[in-house]
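Below is data30.cif, which holds mmCIF, C-alpha atoms and all ligand atoms.
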data_my_file
#
loop_
_atom_site.label_atom_id
_atom_site.label_comp_id
_atom_site.auth_asym_id
_atom_site.auth_seq_id
_atom_site.Cartn_x
_atom_site.Cartn_y
_atom_site.Cartn_z
CA MET A 1 39.36 -35.87 45.54
CA ARG A 2 36.76 -38.53 44.79
CA GLU A 3 34.27 -36.01 43.35
CA GLU A 4 36.82 -34.94 40.77
CA GLU A 5 38.19 -38.39 40.10
CA GLU A 6 36.23 -38.85 36.90
CA ARG A 7 37.84 -35.78 35.39
CA VAL A 8 41.32 -37.16 35.98
CA ASN A 9 42.58 -38.94 32.90
CA THR A 10 46.31 -38.30 33.07
CA LEU A 11 49.02 -38.05 35.66
CA GLU A 12 49.35 -34.36 34.85
CA ASP A 13 45.68 -33.79 35.72
CA LEU A 14 46.10 -35.71 38.92
CA GLY A 15 49.29 -33.85 39.83
CA GLU A 16 47.56 -30.52 39.28
CA GLN A 17 44.72 -31.63 41.51
CA ALA A 18 47.13 -32.74 44.24
CA LYS A 19 49.00 -29.42 44.15
CA GLY A 20 46.01 -27.66 45.66
CA CYS A 21 45.01 -30.43 48.03
CA THR A 22 43.90 -29.46 51.52
CA LEU A 23 42.37 -32.79 52.50
CA CYS A 24 44.54 -33.19 55.58
CA PRO A 25 46.38 -30.85 57.96
CA LEU A 26 49.74 -31.54 56.29
CA SER A 27 48.65 -29.00 53.67
CA GLN A 28 49.31 -26.29 56.25
CA SER A 29 52.90 -27.23 57.03
CA ARG A 30 54.20 -28.37 53.62
CA THR A 31 56.29 -26.18 51.35
CA GLN A 32 54.84 -27.96 48.34
CA VAL A 33 53.14 -31.18 47.34
CA VAL A 34 55.53 -33.93 46.26
CA PHE A 35 53.40 -35.81 43.82
CA GLY A 36 55.78 -38.22 42.07
CA ALA A 37 58.37 -38.34 39.30
CA GLY A 38 59.57 -40.56 36.52
CA ASN A 39 58.38 -42.48 33.52
CA HIS A 40 54.60 -42.32 33.08
CA ARG A 41 54.69 -45.69 31.32
CA ALA A 42 57.06 -47.38 33.73
CA ARG A 43 56.91 -51.13 34.19
CA ILE A 44 58.21 -50.63 37.70
CA MET A 45 57.03 -48.20 40.35
CA PHE A 46 58.67 -47.50 43.69
CA VAL A 47 56.51 -46.29 46.56
CA GLY A 48 58.12 -44.85 49.66
CA GLU A 49 56.60 -43.33 52.76
CA ALA A 50 56.46 -39.53 52.68
CA PRO A 51 58.53 -36.56 51.51
CA GLY A 52 61.39 -35.48 53.75
CA TYR A 53 63.10 -32.11 54.15
CA HIS A 54 64.83 -32.01 50.75
CA GLU A 55 61.85 -33.43 48.90
CA ASP A 56 59.54 -30.83 50.44
CA LEU A 57 61.86 -28.05 49.26
CA LYS A 58 62.44 -29.42 45.79
CA GLY A 59 59.01 -30.89 45.11
CA GLU A 60 60.45 -34.23 43.98
CA PRO A 61 60.52 -37.59 45.74
CA PHE A 62 63.79 -39.24 46.82
CA VAL A 63 66.21 -36.38 46.16
CA GLY A 64 68.19 -36.56 49.44
CA SER A 65 70.69 -39.20 50.54
CA ALA A 66 68.06 -41.97 50.44
CA GLY A 67 67.31 -40.92 46.89
CA ARG A 68 70.98 -41.14 45.92
CA LEU A 69 71.10 -44.65 47.36
CA LEU A 70 67.98 -45.58 45.40
CA SER A 71 69.61 -44.32 42.18
CA GLU A 72 72.75 -46.36 42.93
CA LEU A 73 70.74 -49.50 43.60
CA LEU A 74 68.87 -49.03 40.34
CA GLU A 75 72.14 -48.56 38.45
CA ASN A 76 73.47 -51.76 40.02
CA ILE A 77 70.70 -53.68 38.28
CA GLY A 78 71.11 -51.82 35.01
CA MET A 79 68.28 -49.32 35.40
CA LYS A 80 67.98 -45.55 35.59
CA ARG A 81 65.55 -43.40 37.51
CA THR A 82 64.01 -42.33 34.22
CA ASP A 83 63.05 -45.98 33.60
CA VAL A 84 60.82 -46.12 36.68
CA TYR A 85 58.20 -44.02 38.45
CA ILE A 86 58.75 -42.98 42.06
CA ALA A 87 56.09 -41.79 44.51
CA ASN A 88 55.18 -41.88 48.18
CA VAL A 89 52.17 -43.00 50.19
CA ILE A 90 51.53 -39.43 51.29
CA LYS A 91 52.36 -36.41 49.19
CA CYS A 92 53.13 -33.76 51.84
CA ARG A 93 55.93 -33.80 54.40
CA PRO A 94 54.96 -34.63 57.97
CA PRO A 95 56.52 -32.06 60.34
CA GLY A 96 59.91 -33.19 61.64
CA ASN A 97 59.72 -36.27 59.40
CA ARG A 98 57.45 -38.03 61.87
CA ASN A 99 55.58 -41.12 60.69
CA PRO A 100 52.41 -40.48 58.70
CA LEU A 101 49.23 -40.76 60.76
CA PRO A 102 46.54 -43.29 59.78
CA GLU A 103 44.10 -40.50 58.91
CA GLU A 104 46.69 -38.78 56.71
CA ILE A 105 47.30 -42.04 54.85
CA GLU A 106 43.57 -42.54 54.43
CA SER A 107 43.12 -39.02 53.03
CA CYS A 108 46.04 -39.31 50.63
CA LYS A 109 45.63 -42.93 49.53
CA PRO A 110 43.37 -42.17 46.52
CA TYR A 111 46.21 -40.23 44.85
CA LEU A 112 48.56 -43.20 45.00
CA LEU A 113 45.92 -45.66 43.85
CA LYS A 114 45.05 -43.43 40.92
CA GLN A 115 48.75 -43.08 40.04
CA ILE A 116 49.03 -46.86 39.91
CA GLU A 117 45.85 -47.11 37.86
CA LEU A 118 47.12 -44.56 35.32
CA ILE A 119 50.70 -45.85 35.05
CA LYS A 120 49.72 -49.53 35.05
CA PRO A 121 53.08 -50.85 36.27
CA LYS A 122 53.82 -54.57 36.22
CA ILE A 123 55.68 -54.33 39.52
CA VAL A 124 55.23 -52.01 42.49
CA CYS A 125 58.21 -52.09 44.85
CA THR A 126 57.04 -50.97 48.26
CA LEU A 127 59.83 -49.34 50.25
CA GLY A 128 59.31 -49.84 53.97
CA ASN A 129 56.35 -50.70 56.15
CA PHE A 130 53.87 -47.97 55.23
CA SER A 131 53.58 -48.62 51.50
CA THR A 132 53.90 -52.39 51.96
CA GLN A 133 51.08 -52.54 54.49
CA LEU A 134 48.88 -50.20 52.49
CA LEU A 135 49.13 -52.05 49.19
CA LEU A 136 49.07 -55.55 50.66
CA LYS A 137 46.40 -54.62 53.23
CA LYS A 138 48.38 -56.60 55.73
CA LYS A 139 49.68 -55.45 59.10
CA VAL A 140 52.97 -57.30 58.75
CA GLY A 141 56.44 -55.77 58.92
CA VAL A 142 58.42 -55.51 55.71
CA SER A 143 61.18 -57.66 57.24
CA LYS A 144 58.81 -60.65 57.07
CA LEU A 145 57.63 -59.95 53.53
CA ARG A 146 60.77 -58.88 51.67
CA GLY A 147 62.32 -61.39 49.31
CA GLN A 148 58.86 -62.41 48.11
CA SER A 149 56.43 -61.06 45.56
CA PHE A 150 52.66 -60.83 45.78
CA GLN A 151 50.08 -60.71 43.03
CA VAL A 152 47.41 -58.12 43.69
CA ASP A 153 44.95 -56.63 41.21
CA GLY A 154 46.85 -56.27 37.97
CA TYR A 155 50.35 -55.96 39.34
CA VAL A 156 52.94 -57.62 41.53
CA VAL A 157 54.02 -56.09 44.84
CA VAL A 158 57.66 -56.56 45.83
CA PRO A 159 58.28 -55.39 49.41
CA MET A 160 61.72 -53.97 50.19
CA TYR A 161 63.45 -52.13 53.00
CA HIS A 162 63.33 -48.35 52.73
CA PRO A 163 66.66 -46.84 51.58
CA ALA A 164 66.54 -44.36 54.49
CA ALA A 165 66.44 -47.28 56.95
CA ALA A 166 69.45 -48.83 55.21
CA LEU A 167 71.37 -45.56 55.58
CA HIS A 168 70.75 -45.52 59.32
CA GLN A 169 71.33 -49.22 59.99
CA GLY A 170 74.29 -50.51 58.03
CA GLY A 171 73.15 -54.13 58.28
CA LEU A 172 70.05 -53.35 56.28
CA LEU A 173 72.05 -52.13 53.30
CA VAL A 174 73.13 -55.68 52.54
CA SER A 175 69.49 -56.77 52.75
CA LEU A 176 68.35 -53.93 50.52
CA LYS A 177 70.94 -54.91 47.91
CA GLU A 178 69.52 -58.43 48.10
CA ASP A 179 66.04 -56.97 47.56
CA PHE A 180 67.24 -55.34 44.35
CA SER A 181 68.92 -58.57 43.22
CA TYR A 182 65.59 -60.29 43.80
CA LEU A 183 63.87 -57.64 41.68
CA LYS A 184 66.38 -58.24 38.91
CA THR A 185 65.76 -61.98 39.10
CA LEU A 186 62.01 -61.40 38.87
CA LEU A 187 62.41 -59.19 35.83
CA GLU A 188 64.66 -61.74 34.15
CA ALA A 189 62.18 -64.52 34.96
CA GLY A 190 59.23 -62.62 33.48
CA ILE A 191 57.74 -61.35 36.76
CA GLU A 192 56.14 -64.48 38.17
CA PRO A 193 55.03 -63.75 41.75
CA THR A 194 56.14 -66.24 44.37
CA ARG A 195 52.96 -65.92 46.39
CA VAL A 196 49.37 -65.15 45.65
CA SER A 197 47.21 -64.52 48.67
CA GLU A 198 43.45 -64.47 48.74
CA GLN A 199 43.75 -61.70 51.35
CA MET A 200 45.51 -59.49 48.88
CA THR A 201 42.80 -58.68 46.44
CA LEU A 202 42.64 -54.93 46.49
CA PHE A 203 39.84 -52.47 46.87
S1 LIG B 1 49.21 -35.33 52.42
FE1 LIG B 1 47.87 -35.89 50.71
S2 LIG B 1 45.79 -35.65 51.52
FE2 LIG B 1 47.17 -34.49 52.86
S3 LIG B 1 47.14 -32.41 52.02
FE3 LIG B 1 48.90 -33.49 51.12
S4 LIG B 1 48.13 -34.29 49.18
FE4 LIG B 1 46.34 -33.76 50.42
#
Render the structure in this file as structure tokens.
Ligand code: SF4
Amino acid sequence: MREEEERVNTLEDLGEQAKGCTLCPLSQSRTQVVFGAGNHRARIMFVGEAPGYHEDLKGEPFVGSAGRLLSELLENIGMKRTDVYIANVIKCRPPGNRNPLPEEIESCKPYLLKQIELIKPKIVCTLGNFSTQLLLKKKVGVSKLRGQSFQVDGYVVVPMYHPAAALHQGGLLVSLKEDFSYLKTLLEAGIEPTRVSEQMTLF
């Protein structure tokens, strides 16, 4: 991807490039690449982990039950999916929905970073451990970071639980609703991050 990076000026270009990607073995098992969806000028981006069964079939992120929960949570704070941009750390489904491997994340990371660069969101909500750890470059679980916001290069990272985790563990749903309330508070307050860490300067 890096060789072609200079030719990529829009999300459409980048999406086209990703469609033919064979940089990691997930290209052999996917039905299709799930690049991302939503508003190309969104102030808020959500970044999950990887496509699941339904996403792989439909080619869109967060279209299964976790996606419905995400839509509900957005509506609860007065937003629609078309207001935001939604993507994942890796763009192809891992077989059996296993966790992404470090080498798969490494191969796919440039797509996400370029998406962020092109969209220029003010806030990136990281859903779950994988996106949180990638964008904060910190090996800390999301449970210790949620409820806070972190300034990185040009945007604020707001770690949250992943909606799929909240579906499987009822207790987390309450926490995830709190995460969205926190996001609403941040938006109302003009997006001032609560923490700035010198370890979180990116790339
Ligand atoms: S997961 Fe990412 S790096 Fe791997 S084949 Fe798909 S688009 Fe390419």
| said: Can you work out which residues are within 10 Å of ligand LIG 1 (chain B), considering all atoms listed in the file, and then hand them over as a PyMOL selection string? | reply: chain A and resi 1+15+17-30+32-35+50-51+88-94+100-101+103-112
| query | Which residues come within 12 Å of Glu72 in chain A, counting all atoms listed in the file, excluding same-chain residues fewer than 3 positions away, as an MDAnalysis selection string? | reply | chainID A and resid 65:69 75:81 163 173 176:177 180
| A:Pro61, A:Ile116, A:Leu70, A:Asp13 ranked by distance to Tyr155 in chain A, top pick (using all atoms listed in the file) | A:Ile116
Counting all atoms listed in the file, what are the residues of range 105-194 of chain A within 10 Å of range 82-86 of chain A, and for each of them which pair of atoms is the nearest and at what distance in Å, to one decimal? Sort the table by chain and rising number, as a Markdown table.
| residue | atom | partner | partner_atom | distance |
| --- | --- | --- | --- | --- |
| A:Gln115 | CA | A:Tyr85 | CA | 9.6 |
| A:Ile116 | CA | A:Tyr85 | CA | 9.7 |
| A:Ile119 | CA | A:Tyr85 | CA | 8.4 |
| A:Pro121 | CA | A:Tyr85 | CA | 8.8 |
| A:Val124 | CA | A:Tyr85 | CA | 9.4 |
| A:Cys125 | CA | A:Ile86 | CA | 9.5 |
Start from the incomplete input, build all heavy atoms for range 102-113 of chain A, and deliver everything as a tab-separated table (two decimals), in the frame of the given file.
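Wrote selection34.tsv, looks like this:
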chain	number	residue	atom	x	y	z
A	102	PRO	N	47.51	-42.49	60.54
A	102	PRO	CA	46.54	-43.29	59.78
A	102	PRO	C	45.54	-42.43	59.00
A	102	PRO	O	45.22	-42.72	57.86
A	102	PRO	CB	45.83	-44.12	60.86
A	102	PRO	CG	46.81	-44.19	61.98
A	102	PRO	CD	47.59	-42.91	61.95
A	103	GLU	N	45.09	-41.34	59.61
A	103	GLU	CA	44.10	-40.50	58.91
A	103	GLU	C	44.72	-39.75	57.74
A	103	GLU	O	44.04	-39.46	56.74
A	103	GLU	CB	43.38	-39.54	59.88
A	103	GLU	CG	44.27	-38.66	60.70
A	103	GLU	CD	44.69	-39.29	62.05
A	103	GLU	OE1	44.79	-40.53	62.13
A	103	GLU	OE2	44.92	-38.52	62.99
A	104	GLU	N	46.01	-39.43	57.85
A	104	GLU	CA	46.69	-38.78	56.71
A	104	GLU	C	46.83	-39.77	55.55
A	104	GLU	O	46.62	-39.42	54.38
A	104	GLU	CB	48.07	-38.27	57.14
A	104	GLU	CG	48.00	-37.12	58.14
A	104	GLU	CD	49.29	-36.88	58.91
A	104	GLU	OE1	50.24	-37.68	58.77
A	104	GLU	OE2	49.34	-35.88	59.66
A	105	ILE	N	47.17	-41.01	55.89
A	105	ILE	CA	47.30	-42.04	54.85
A	105	ILE	C	45.95	-42.26	54.17
A	105	ILE	O	45.86	-42.35	52.95
A	105	ILE	CB	47.84	-43.35	55.47
A	105	ILE	CG1	49.27	-43.13	55.95
A	105	ILE	CG2	47.76	-44.50	54.46
A	105	ILE	CD1	49.86	-44.29	56.72
A	106	GLU	N	44.92	-42.32	54.98
A	106	GLU	CA	43.57	-42.54	54.43
A	106	GLU	C	43.17	-41.41	53.48
A	106	GLU	O	42.62	-41.64	52.41
A	106	GLU	CB	42.59	-42.65	55.61
A	106	GLU	CG	41.28	-43.29	55.30
A	106	GLU	CD	41.38	-44.66	54.63
A	106	GLU	OE1	42.31	-45.43	54.95
A	106	GLU	OE2	40.52	-44.93	53.76
A	107	SER	N	43.48	-40.17	53.88
A	107	SER	CA	43.12	-39.02	53.03
A	107	SER	C	43.90	-39.03	51.72
A	107	SER	O	43.39	-38.65	50.67
A	107	SER	CB	43.43	-37.70	53.74
A	107	SER	OG	42.68	-37.58	54.90
A	108	CYS	N	45.16	-39.43	51.80
A	108	CYS	CA	46.04	-39.31	50.63
A	108	CYS	C	46.03	-40.54	49.73
A	108	CYS	O	46.43	-40.47	48.56
A	108	CYS	CB	47.47	-39.04	51.12
A	108	CYS	SG	48.41	-38.00	49.99
A	109	LYS	N	45.58	-41.66	50.27
A	109	LYS	CA	45.63	-42.93	49.53
A	109	LYS	C	45.05	-42.87	48.12
A	109	LYS	O	45.63	-43.45	47.19
A	109	LYS	CB	44.88	-43.97	50.39
A	109	LYS	CG	44.81	-45.34	49.83
A	109	LYS	CD	44.21	-46.30	50.86
A	109	LYS	CE	42.71	-46.24	50.89
A	109	LYS	NZ	42.08	-47.24	51.76
A	110	PRO	N	43.93	-42.17	47.88
A	110	PRO	CA	43.37	-42.17	46.52
A	110	PRO	C	44.34	-41.64	45.46
A	110	PRO	O	44.29	-42.09	44.31
A	110	PRO	CB	42.15	-41.24	46.64
A	110	PRO	CG	41.76	-41.33	48.08
A	110	PRO	CD	43.05	-41.45	48.82
A	111	TYR	N	45.24	-40.73	45.84
A	111	TYR	CA	46.21	-40.23	44.85
A	111	TYR	C	47.13	-41.36	44.40
A	111	TYR	O	47.38	-41.53	43.21
A	111	TYR	CB	47.05	-39.08	45.43
A	111	TYR	CG	46.28	-37.81	45.65
A	111	TYR	CD1	46.06	-37.32	46.92
A	111	TYR	CD2	45.77	-37.10	44.56
A	111	TYR	CE1	45.35	-36.15	47.13
A	111	TYR	CE2	45.06	-35.92	44.76
A	111	TYR	CZ	44.86	-35.46	46.04
A	111	TYR	OH	44.15	-34.30	46.23
A	112	LEU	N	47.64	-42.11	45.35
A	112	LEU	CA	48.56	-43.20	45.00
A	112	LEU	C	47.84	-44.27	44.17
A	112	LEU	O	48.38	-44.75	43.16
A	112	LEU	CB	49.15	-43.82	46.27
A	112	LEU	CG	50.03	-45.05	46.02
A	112	LEU	CD1	51.28	-44.67	45.21
A	112	LEU	CD2	50.42	-45.72	47.33
A	113	LEU	N	46.65	-44.61	44.59
A	113	LEU	CA	45.92	-45.66	43.85
A	113	LEU	C	45.62	-45.22	42.42
A	113	LEU	O	45.69	-46.01	41.49
A	113	LEU	CB	44.62	-46.03	44.60
A	113	LEU	CG	44.82	-46.56	46.02
A	113	LEU	CD1	43.49	-46.97	46.62
A	113	LEU	CD2	45.80	-47.73	46.04
